[in-house]
Amino acid sequence: MRLDRELACQEVVELMTAYLDDVLDPLDRERFEEHLVFCDGCSNYLEQMRATIVLAGHVSLELPPALEERLLEAFRGWRGS
Amino acid sequence: MEQVLSPEDERLVDGLRAGDESAFVALMRMYGAGMLRVALMYVSSRAVAEEVVQEAWVGVLRGIGRFEGRSSLKTWLYRIVANTAKTRGLREARSVPFSALGDETGDEPAADADRFLGSGERFPGHWSVPPQSWAPEGQLLGQETLEMVAREIDRLPPAQRAVITMRDIQGFTSEEVCNSLDLSETNQRVLLHRARAKVRSALEEYMR
């Protein structure tokens, strides 16, 4: 067991995106996961980051209609050339 | 490095080469709005960014005949818009030092910094106000919540907005974002992290 180097919540939060991308080295990942076991605040934060990602995934992006029109014109011009 | 295009990319590339308008429209609707956000990383106004996107698409159409599929189609599209925008941004900036990231990966306070105990406290770096759990995801997915998330993303600084758009809205991998925007993995992650943290924080506010 390692007691010398426990992560503080703020460090855990800063590592969350790396954790979700699975790019933490094994030791850091272990410390990270150990921390979550006893820290509800950080567990909630991680769940909320996941929820944020899911929500962003449902956002739809639209081009401004005037730009879409201009792009179509450019396409038709190219095709006709 | 040889890479084989996905069947869908292949179909779109063939369609574009053949002058098929539906292939063009499909690509434009899939990636056009994201490309606009990439352009906004490098130029100062919406109007110029729109011109950049148009110029980039003209470049795409001119170049599609020579596209070899060494990268995915979307990475190629985004590289073209990024390069077009950089050139335009440099011309705009003239002698002013130019960095697409501005200070977005620099000394901004860490995510939610005000939520942690300070160094003078007994447990520095631990939560002062821990996050409470939210409603289950299913209940979060209402139209109003999505609109709020869209608005928050729209308000982010340009590089953070472009990266979260590509990763979380459009589903790029981190490698694809790094390749498209010539970002280091670290900078890509910092931008994504800050963007997500701000949106999370706005959602937390909204849930209260």
# chains A, B, ... in the order shown; residues from 1 in each chain; ligands from 1

$ closest_atom_pairs --of "chain A" --to "chain B" --cutoff "10 Å" --atoms "only C-alpha atoms" --output "tab-separated table"
residue	atom	partner	partner_atom	distance
A:Leu7	CA	B:Gly125	CA	8.9
A:Ala8	CA	B:Gly125	CA	5.3
A:Cys9	CA	B:His126	CA	4.8
A:Gln10	CA	B:Gly125	CA	5.0
A:Glu11	CA	B:Gly125	CA	7.4
A:Val12	CA	B:Gly125	CA	9.5
A:Val13	CA	B:Ala111	CA	7.6
A:Glu14	CA	B:Ala111	CA	7.0
A:Leu15	CA	B:His193	CA	8.8
A:Met16	CA	B:His193	CA	7.8
A:Thr17	CA	B:His193	CA	5.6
A:Ala18	CA	B:Arg189	CA	7.1
A:Asp21	CA	B:Ser174	CA	8.2
A:Cys39	CA	B:Pro130	CA	9.3
A:Asp40	CA	B:Pro130	CA	7.8
A:Gly41	CA	B:Pro130	CA	4.6
A:Cys42	CA	B:Pro131	CA	7.4
A:Ser43	CA	B:Pro131	CA	8.8
A:Asn44	CA	B:Ser133	CA	5.4
A:Tyr45	CA	B:Pro131	CA	6.1
A:Leu46	CA	B:Pro131	CA	9.8
A:Glu47	CA	B:Ser133	CA	8.1
A:Gln48	CA	B:Arg200	CA	6.6
A:Met49	CA	B:Arg200	CA	6.3
A:Arg50	CA	B:Arg200	CA	9.3
A:Ala51	CA	B:Glu137	CA	6.4
A:Thr52	CA	B:Arg200	CA	5.8
A:Ile53	CA	B:Asp168	CA	5.9
A:Val54	CA	B:Asp168	CA	7.8
A:Leu55	CA	B:Leu146	CA	6.5
A:Ala56	CA	B:Ile169	CA	5.4
A:Gly57	CA	B:Ile169	CA	4.5
A:His58	CA	B:Ile169	CA	7.0
A:Val59	CA	B:Ala150	CA	6.1
A:Ser60	CA	B:Ile169	CA	7.5
A:Leu61	CA	B:Ala33	CA	6.0
A:Glu62	CA	B:Ala33	CA	5.7
A:Leu63	CA	B:Ala33	CA	4.9
A:Pro64	CA	B:Ala33	CA	8.1
A:Ala66	CA	B:Glu50	CA	9.9
A:Leu67	CA	B:Glu50	CA	6.9
A:Glu68	CA	B:Met28	CA	7.8
A:Arg70	CA	B:Gln54	CA	7.5
A:Leu71	CA	B:Gln54	CA	6.0
A:Leu72	CA	B:Val25	CA	7.7
A:Ala74	CA	B:Val58	CA	6.9
A:Phe75	CA	B:Val58	CA	7.5
A:Arg76	CA	B:Glu21	CA	8.0
A:Gly77	CA	B:Val58	CA	9.7
A:Trp78	CA	B:Leu61	CA	7.3
A:Arg79	CA	B:Gly19	CA	5.7
A:Gly80	CA	B:Gly19	CA	9.0

$ write_last_selection --atoms "N, CA and C atoms" --output "short mmCIF file (atom, residue, chain, number, x, y, z; two decimals), in the first residue's frame"
data_model
loop_
_atom_site.label_atom_id
_atom_site.label_comp_id
_atom_site.auth_asym_id
_atom_site.auth_seq_id
_atom_site.Cartn_x
_atom_site.Cartn_y
_atom_site.Cartn_z
N LEU A 7 -3.55 11.53 -3.92
CA LEU A 7 -3.96 12.65 -4.76
C LEU A 7 -5.01 13.50 -4.05
N ALA A 8 -4.87 14.80 -4.17
CA ALA A 8 -5.92 15.70 -3.67
C ALA A 8 -7.01 15.80 -4.73
N CYS A 9 -8.20 16.19 -4.28
CA CYS A 9 -9.34 16.26 -5.20
C CYS A 9 -9.05 17.12 -6.43
N GLN A 10 -8.39 18.24 -6.20
CA GLN A 10 -8.14 19.15 -7.32
C GLN A 10 -7.24 18.50 -8.37
N GLU A 11 -6.28 17.69 -7.92
CA GLU A 11 -5.42 16.98 -8.88
C GLU A 11 -6.24 15.92 -9.62
N VAL A 12 -7.12 15.27 -8.90
CA VAL A 12 -7.96 14.24 -9.53
C VAL A 12 -8.81 14.88 -10.62
N VAL A 13 -9.39 16.03 -10.32
CA VAL A 13 -10.21 16.73 -11.31
C VAL A 13 -9.37 17.09 -12.54
N GLU A 14 -8.14 17.56 -12.31
CA GLU A 14 -7.29 17.93 -13.45
C GLU A 14 -6.91 16.72 -14.31
N LEU A 15 -6.98 15.53 -13.73
CA LEU A 15 -6.60 14.32 -14.49
C LEU A 15 -7.79 13.67 -15.20
N MET A 16 -8.99 14.21 -14.99
CA MET A 16 -10.18 13.48 -15.46
C MET A 16 -10.21 13.26 -16.96
N THR A 17 -9.83 14.27 -17.73
CA THR A 17 -9.90 14.11 -19.19
C THR A 17 -8.87 13.08 -19.66
N ALA A 18 -7.70 13.10 -19.03
CA ALA A 18 -6.68 12.09 -19.36
C ALA A 18 -7.17 10.70 -18.97
N ASP A 21 -9.70 9.53 -21.46
CA ASP A 21 -9.04 9.15 -22.72
C ASP A 21 -8.12 7.94 -22.54
N CYS A 39 -14.04 9.01 -2.31
CA CYS A 39 -14.40 10.42 -2.46
C CYS A 39 -15.66 10.59 -3.31
N ASP A 40 -16.77 10.86 -2.64
CA ASP A 40 -18.04 11.04 -3.36
C ASP A 40 -18.01 12.27 -4.26
N GLY A 41 -17.37 13.34 -3.78
CA GLY A 41 -17.31 14.57 -4.57
C GLY A 41 -16.67 14.31 -5.94
N CYS A 42 -15.53 13.62 -5.93
CA CYS A 42 -14.83 13.35 -7.18
C CYS A 42 -15.57 12.32 -8.04
N SER A 43 -16.19 11.33 -7.37
CA SER A 43 -17.00 10.36 -8.14
C SER A 43 -18.14 11.07 -8.85
N ASN A 44 -18.79 11.98 -8.13
CA ASN A 44 -19.87 12.74 -8.76
C ASN A 44 -19.35 13.59 -9.91
N TYR A 45 -18.18 14.21 -9.68
CA TYR A 45 -17.61 15.05 -10.73
C TYR A 45 -17.34 14.23 -11.99
N LEU A 46 -16.78 13.05 -11.80
CA LEU A 46 -16.48 12.19 -12.95
C LEU A 46 -17.77 11.81 -13.70
N GLU A 47 -18.79 11.44 -12.92
CA GLU A 47 -20.08 11.11 -13.56
C GLU A 47 -20.62 12.31 -14.32
N GLN A 48 -20.43 13.49 -13.77
CA GLN A 48 -20.93 14.70 -14.42
C GLN A 48 -20.14 15.03 -15.69
N MET A 49 -18.84 14.73 -15.66
CA MET A 49 -18.06 14.92 -16.89
C MET A 49 -18.59 13.96 -17.96
N ARG A 50 -18.88 12.73 -17.55
CA ARG A 50 -19.42 11.76 -18.52
C ARG A 50 -20.77 12.23 -19.06
N ALA A 51 -21.62 12.73 -18.16
CA ALA A 51 -22.94 13.22 -18.58
C ALA A 51 -22.78 14.41 -19.52
N THR A 52 -21.81 15.28 -19.23
CA THR A 52 -21.55 16.44 -20.08
C THR A 52 -21.18 16.00 -21.50
N ILE A 53 -20.34 14.96 -21.57
CA ILE A 53 -19.92 14.44 -22.88
C ILE A 53 -21.12 13.86 -23.64
N VAL A 54 -21.96 13.11 -22.91
CA VAL A 54 -23.15 12.53 -23.55
C VAL A 54 -24.06 13.65 -24.08
N LEU A 55 -24.27 14.66 -23.25
CA LEU A 55 -25.13 15.77 -23.67
C LEU A 55 -24.54 16.49 -24.89
N ALA A 56 -23.23 16.75 -24.85
CA ALA A 56 -22.60 17.43 -26.00
C ALA A 56 -22.79 16.60 -27.26
N GLY A 57 -22.76 15.28 -27.10
CA GLY A 57 -22.94 14.39 -28.23
C GLY A 57 -24.32 14.48 -28.88
N HIS A 58 -25.26 15.06 -28.15
CA HIS A 58 -26.62 15.22 -28.70
C HIS A 58 -26.87 16.61 -29.26
N VAL A 59 -25.87 17.48 -29.14
CA VAL A 59 -26.03 18.83 -29.68
C VAL A 59 -25.92 18.76 -31.20
N SER A 60 -26.82 19.44 -31.89
CA SER A 60 -26.67 19.45 -33.35
C SER A 60 -26.18 20.82 -33.81
N LEU A 61 -25.29 20.77 -34.78
CA LEU A 61 -24.68 21.99 -35.29
C LEU A 61 -25.28 22.31 -36.64
N GLU A 62 -25.58 23.55 -36.86
CA GLU A 62 -26.08 23.92 -38.18
C GLU A 62 -25.29 25.08 -38.77
N LEU A 63 -25.08 24.99 -40.06
CA LEU A 63 -24.46 26.10 -40.76
C LEU A 63 -25.46 27.23 -40.91
N PRO A 64 -25.03 28.47 -40.84
CA PRO A 64 -25.94 29.56 -41.14
C PRO A 64 -26.48 29.36 -42.57
N ALA A 66 -27.41 31.24 -44.94
CA ALA A 66 -26.83 32.06 -46.01
C ALA A 66 -25.48 31.48 -46.46
N LEU A 67 -24.71 30.97 -45.49
CA LEU A 67 -23.41 30.37 -45.83
C LEU A 67 -23.62 29.08 -46.61
N GLU A 68 -24.60 28.29 -46.16
CA GLU A 68 -24.90 27.04 -46.86
C GLU A 68 -25.22 27.35 -48.34
N ARG A 70 -24.25 29.93 -50.09
CA ARG A 70 -23.02 30.34 -50.79
C ARG A 70 -22.15 29.14 -51.15
N LEU A 71 -22.09 28.19 -50.22
CA LEU A 71 -21.25 27.01 -50.48
C LEU A 71 -21.84 26.19 -51.63
N LEU A 72 -23.16 26.08 -51.63
CA LEU A 72 -23.81 25.35 -52.72
C LEU A 72 -23.54 26.01 -54.07
N ALA A 74 -20.97 27.79 -54.79
CA ALA A 74 -19.57 27.51 -55.12
C ALA A 74 -19.44 26.11 -55.71
N PHE A 75 -20.17 25.16 -55.12
CA PHE A 75 -20.13 23.79 -55.63
C PHE A 75 -20.65 23.72 -57.06
N ARG A 76 -21.78 24.39 -57.29
CA ARG A 76 -22.37 24.34 -58.64
C ARG A 76 -21.45 25.02 -59.66
N GLY A 77 -20.81 26.09 -59.21
CA GLY A 77 -19.85 26.77 -60.09
C GLY A 77 -18.69 25.84 -60.45
N TRP A 78 -18.21 25.12 -59.46
CA TRP A 78 -17.07 24.20 -59.68
C TRP A 78 -17.48 23.07 -60.62
N ARG A 79 -18.69 22.55 -60.37
CA ARG A 79 -19.16 21.43 -61.18
C ARG A 79 -19.36 21.86 -62.64
N GLY A 80 -19.81 23.10 -62.80
CA GLY A 80 -20.07 23.60 -64.14
C GLY A 80 -18.81 23.99 -64.89
#

$ select_by_dssp --residues "chain A" --states "alpha helix (DSSP H)" --output "mmCIF file with N, CA and C atoms, in the first residue's frame"
data_model
loop_
_atom_site.group_PDB
_atom_site.id
_atom_site.type_symbol
_atom_site.label_atom_id
_atom_site.label_comp_id
_atom_site.auth_asym_id
_atom_site.auth_seq_id
_atom_site.Cartn_x
_atom_site.Cartn_y
_atom_site.Cartn_z
ATOM 1 N N CYS A 9 -8.201 16.190 -4.283
ATOM 2 C CA CYS A 9 -9.341 16.256 -5.202
ATOM 3 C C CYS A 9 -9.049 17.119 -6.433
ATOM 4 N N GLN A 10 -8.391 18.241 -6.197
ATOM 5 C CA GLN A 10 -8.139 19.147 -7.316
ATOM 6 C C GLN A 10 -7.243 18.495 -8.374
ATOM 7 N N GLU A 11 -6.279 17.692 -7.923
ATOM 8 C CA GLU A 11 -5.425 16.979 -8.879
ATOM 9 C C GLU A 11 -6.240 15.924 -9.624
ATOM 10 N N VAL A 12 -7.124 15.266 -8.898
ATOM 11 C CA VAL A 12 -7.962 14.241 -9.526
ATOM 12 C C VAL A 12 -8.812 14.877 -10.623
ATOM 13 N N VAL A 13 -9.391 16.033 -10.320
ATOM 14 C CA VAL A 13 -10.211 16.733 -11.306
ATOM 15 C C VAL A 13 -9.374 17.094 -12.541
ATOM 16 N N GLU A 14 -8.142 17.557 -12.311
ATOM 17 C CA GLU A 14 -7.286 17.928 -13.454
ATOM 18 C C GLU A 14 -6.908 16.719 -14.309
ATOM 19 N N LEU A 15 -6.978 15.525 -13.731
ATOM 20 C CA LEU A 15 -6.603 14.320 -14.486
ATOM 21 C C LEU A 15 -7.787 13.668 -15.198
ATOM 22 N N MET A 16 -8.993 14.209 -14.986
ATOM 23 C CA MET A 16 -10.179 13.480 -15.455
ATOM 24 C C MET A 16 -10.215 13.259 -16.963
ATOM 25 N N THR A 17 -9.834 14.271 -17.731
ATOM 26 C CA THR A 17 -9.899 14.113 -19.187
ATOM 27 C C THR A 17 -8.871 13.081 -19.658
ATOM 28 N N ALA A 18 -7.695 13.105 -19.034
ATOM 29 C CA ALA A 18 -6.681 12.094 -19.364
ATOM 30 C C ALA A 18 -7.171 10.702 -18.966
ATOM 31 N N TYR A 19 -7.842 10.623 -17.819
ATOM 32 C CA TYR A 19 -8.390 9.338 -17.385
ATOM 33 C C TYR A 19 -9.435 8.828 -18.381
ATOM 34 N N LEU A 20 -10.338 9.705 -18.779
ATOM 35 C CA LEU A 20 -11.399 9.295 -19.711
ATOM 36 C C LEU A 20 -10.833 8.917 -21.084
ATOM 37 N N PRO A 26 -0.070 3.635 -15.672
ATOM 38 C CA PRO A 26 -0.764 2.697 -14.772
ATOM 39 C C PRO A 26 -0.772 3.121 -13.310
ATOM 40 N N LEU A 27 0.331 3.689 -12.841
ATOM 41 C CA LEU A 27 0.415 4.098 -11.440
ATOM 42 C C LEU A 27 -0.566 5.233 -11.134
ATOM 43 N N ASP A 28 -0.588 6.229 -12.015
ATOM 44 C CA ASP A 28 -1.516 7.337 -11.817
ATOM 45 C C ASP A 28 -2.963 6.869 -11.910
ATOM 46 N N ARG A 29 -3.220 5.950 -12.822
ATOM 47 C CA ARG A 29 -4.591 5.455 -12.957
ATOM 48 C C ARG A 29 -5.033 4.738 -11.672
ATOM 49 N N GLU A 30 -4.112 3.994 -11.100
ATOM 50 C CA GLU A 30 -4.429 3.285 -9.862
ATOM 51 C C GLU A 30 -4.720 4.271 -8.729
ATOM 52 N N ARG A 31 -3.886 5.285 -8.608
ATOM 53 C CA ARG A 31 -4.107 6.302 -7.563
ATOM 54 C C ARG A 31 -5.434 7.026 -7.774
ATOM 55 N N PHE A 32 -5.673 7.325 -9.031
ATOM 56 C CA PHE A 32 -6.910 8.006 -9.406
ATOM 57 C C PHE A 32 -8.116 7.170 -8.974
ATOM 58 N N GLU A 33 -8.076 5.896 -9.308
ATOM 59 C CA GLU A 33 -9.223 5.027 -8.994
ATOM 60 C C GLU A 33 -9.354 4.783 -7.493
ATOM 61 N N GLU A 34 -8.205 4.700 -6.817
ATOM 62 C CA GLU A 34 -8.238 4.564 -5.349
ATOM 63 C C GLU A 34 -8.951 5.759 -4.720
ATOM 64 N N HIS A 35 -8.625 6.924 -5.236
ATOM 65 C CA HIS A 35 -9.212 8.149 -4.698
ATOM 66 C C HIS A 35 -10.744 8.143 -4.847
ATOM 67 N N LEU A 36 -11.190 7.692 -6.006
ATOM 68 C CA LEU A 36 -12.635 7.700 -6.260
ATOM 69 C C LEU A 36 -13.394 6.792 -5.303
ATOM 70 N N VAL A 37 -12.718 5.752 -4.840
ATOM 71 C CA VAL A 37 -13.378 4.791 -3.961
ATOM 72 C C VAL A 37 -13.927 5.478 -2.711
ATOM 73 N N PHE A 38 -13.132 6.429 -2.172
ATOM 74 C CA PHE A 38 -13.604 7.028 -0.925
ATOM 75 C C PHE A 38 -14.091 8.461 -1.082
ATOM 76 N N ASP A 40 -16.770 10.861 -2.640
ATOM 77 C CA ASP A 40 -18.039 11.041 -3.364
ATOM 78 C C ASP A 40 -18.009 12.272 -4.264
ATOM 79 N N GLY A 41 -17.369 13.335 -3.782
ATOM 80 C CA GLY A 41 -17.309 14.569 -4.572
ATOM 81 C C GLY A 41 -16.673 14.314 -5.937
ATOM 82 N N CYS A 42 -15.525 13.620 -5.927
ATOM 83 C CA CYS A 42 -14.826 13.355 -7.185
ATOM 84 C C CYS A 42 -15.569 12.322 -8.037
ATOM 85 N N SER A 43 -16.191 11.332 -7.372
ATOM 86 C CA SER A 43 -16.996 10.359 -8.138
ATOM 87 C C SER A 43 -18.137 11.066 -8.848
ATOM 88 N N ASN A 44 -18.790 11.983 -8.128
ATOM 89 C CA ASN A 44 -19.872 12.745 -8.756
ATOM 90 C C ASN A 44 -19.345 13.589 -9.911
ATOM 91 N N TYR A 45 -18.183 14.206 -9.684
ATOM 92 C CA TYR A 45 -17.614 15.053 -10.733
ATOM 93 C C TYR A 45 -17.339 14.228 -11.994
ATOM 94 N N LEU A 46 -16.777 13.050 -11.800
ATOM 95 C CA LEU A 46 -16.481 12.191 -12.955
ATOM 96 C C LEU A 46 -17.768 11.813 -13.697
ATOM 97 N N GLU A 47 -18.793 11.437 -12.922
ATOM 98 C CA GLU A 47 -20.080 11.106 -13.556
ATOM 99 C C GLU A 47 -20.623 12.309 -14.322
ATOM 100 N N GLN A 48 -20.427 13.487 -13.767
ATOM 101 C CA GLN A 48 -20.928 14.703 -14.416
ATOM 102 C C GLN A 48 -20.142 15.030 -15.685
ATOM 103 N N MET A 49 -18.843 14.732 -15.665
ATOM 104 C CA MET A 49 -18.061 14.916 -16.893
ATOM 105 C C MET A 49 -18.593 13.958 -17.961
ATOM 106 N N ARG A 50 -18.878 12.727 -17.549
ATOM 107 C CA ARG A 50 -19.423 11.763 -18.517
ATOM 108 C C ARG A 50 -20.769 12.231 -19.055
ATOM 109 N N ALA A 51 -21.621 12.734 -18.156
ATOM 110 C CA ALA A 51 -22.943 13.224 -18.576
ATOM 111 C C ALA A 51 -22.783 14.415 -19.523
ATOM 112 N N THR A 52 -21.809 15.278 -19.225
ATOM 113 C CA THR A 52 -21.549 16.443 -20.077
ATOM 114 C C THR A 52 -21.179 16.000 -21.496
ATOM 115 N N ILE A 53 -20.343 14.957 -21.566
ATOM 116 C CA ILE A 53 -19.919 14.438 -22.878
ATOM 117 C C ILE A 53 -21.119 13.860 -23.638
ATOM 118 N N VAL A 54 -21.962 13.111 -22.915
ATOM 119 C CA VAL A 54 -23.150 12.533 -23.554
ATOM 120 C C VAL A 54 -24.059 13.649 -24.080
ATOM 121 N N LEU A 55 -24.265 14.659 -23.251
ATOM 122 C CA LEU A 55 -25.126 15.772 -23.671
ATOM 123 C C LEU A 55 -24.540 16.490 -24.890
ATOM 124 N N ALA A 56 -23.235 16.754 -24.848
ATOM 125 C CA ALA A 56 -22.602 17.433 -25.996
ATOM 126 C C ALA A 56 -22.791 16.598 -27.259
ATOM 127 N N GLY A 57 -22.762 15.278 -27.095
ATOM 128 C CA GLY A 57 -22.941 14.385 -28.235
ATOM 129 C C GLY A 57 -24.318 14.483 -28.876
ATOM 130 N N PRO A 65 -27.808 29.479 -42.759
ATOM 131 C CA PRO A 65 -28.398 29.183 -44.071
ATOM 132 C C PRO A 65 -27.765 29.987 -45.216
ATOM 133 N N ALA A 66 -27.409 31.238 -44.942
ATOM 134 C CA ALA A 66 -26.825 32.058 -46.011
ATOM 135 C C ALA A 66 -25.476 31.480 -46.461
ATOM 136 N N LEU A 67 -24.713 30.966 -45.487
ATOM 137 C CA LEU A 67 -23.412 30.374 -45.833
ATOM 138 C C LEU A 67 -23.623 29.076 -46.610
ATOM 139 N N GLU A 68 -24.604 28.289 -46.162
ATOM 140 C CA GLU A 68 -24.900 27.040 -46.862
ATOM 141 C C GLU A 68 -25.222 27.347 -48.336
ATOM 142 N N GLU A 69 -25.995 28.394 -48.531
ATOM 143 C CA GLU A 69 -26.372 28.792 -49.889
ATOM 144 C C GLU A 69 -25.132 29.170 -50.715
ATOM 145 N N ARG A 70 -24.249 29.929 -50.087
ATOM 146 C CA ARG A 70 -23.021 30.340 -50.792
ATOM 147 C C ARG A 70 -22.147 29.139 -51.146
ATOM 148 N N LEU A 71 -22.086 28.188 -50.221
ATOM 149 C CA LEU A 71 -21.254 27.007 -50.478
ATOM 150 C C LEU A 71 -21.835 26.188 -51.626
ATOM 151 N N LEU A 72 -23.162 26.085 -51.630
ATOM 152 C CA LEU A 72 -23.813 25.348 -52.722
ATOM 153 C C LEU A 72 -23.543 26.013 -54.068
ATOM 154 N N GLU A 73 -23.616 27.335 -54.072
ATOM 155 C CA GLU A 73 -23.314 28.070 -55.311
ATOM 156 C C GLU A 73 -21.885 27.787 -55.759
ATOM 157 N N ALA A 74 -20.972 27.787 -54.786
ATOM 158 C CA ALA A 74 -19.567 27.514 -55.118
ATOM 159 C C ALA A 74 -19.442 26.113 -55.712
ATOM 160 N N PHE A 75 -20.168 25.159 -55.117
ATOM 161 C CA PHE A 75 -20.129 23.789 -55.630
ATOM 162 C C PHE A 75 -20.648 23.721 -57.062
ATOM 163 N N ARG A 76 -21.777 24.385 -57.287
ATOM 164 C CA ARG A 76 -22.370 24.338 -58.637
ATOM 165 C C ARG A 76 -21.452 25.016 -59.658
ATOM 166 N N GLY A 77 -20.806 26.089 -59.212
ATOM 167 C CA GLY A 77 -19.847 26.765 -60.087
ATOM 168 C C GLY A 77 -18.693 25.844 -60.452
ATOM 169 N N TRP A 78 -18.205 25.120 -59.457
ATOM 170 C CA TRP A 78 -17.074 24.198 -59.677
ATOM 171 C C TRP A 78 -17.479 23.069 -60.617
ATOM 172 N N ARG A 79 -18.694 22.548 -60.371
ATOM 173 C CA ARG A 79 -19.156 21.425 -61.180
ATOM 174 C C ARG A 79 -19.355 21.856 -62.638
ATOM 175 N N GLY A 80 -19.810 23.104 -62.799
ATOM 176 C CA GLY A 80 -20.072 23.599 -64.144
ATOM 177 C C GLY A 80 -18.808 23.994 -64.891
#

$ closest_residue --among "B:Arg66, B:Arg122, B:Arg155, B:Arg88" --to "Ala49 of chain B" --atoms "only C-alpha atoms"
B:Arg88

$ closest_residue --among "B:Gln188, B:Ser6, B:Asn179, B:Ser22" --to "Arg161 of chain B" --atoms "only C-alpha atoms"
B:Gln188
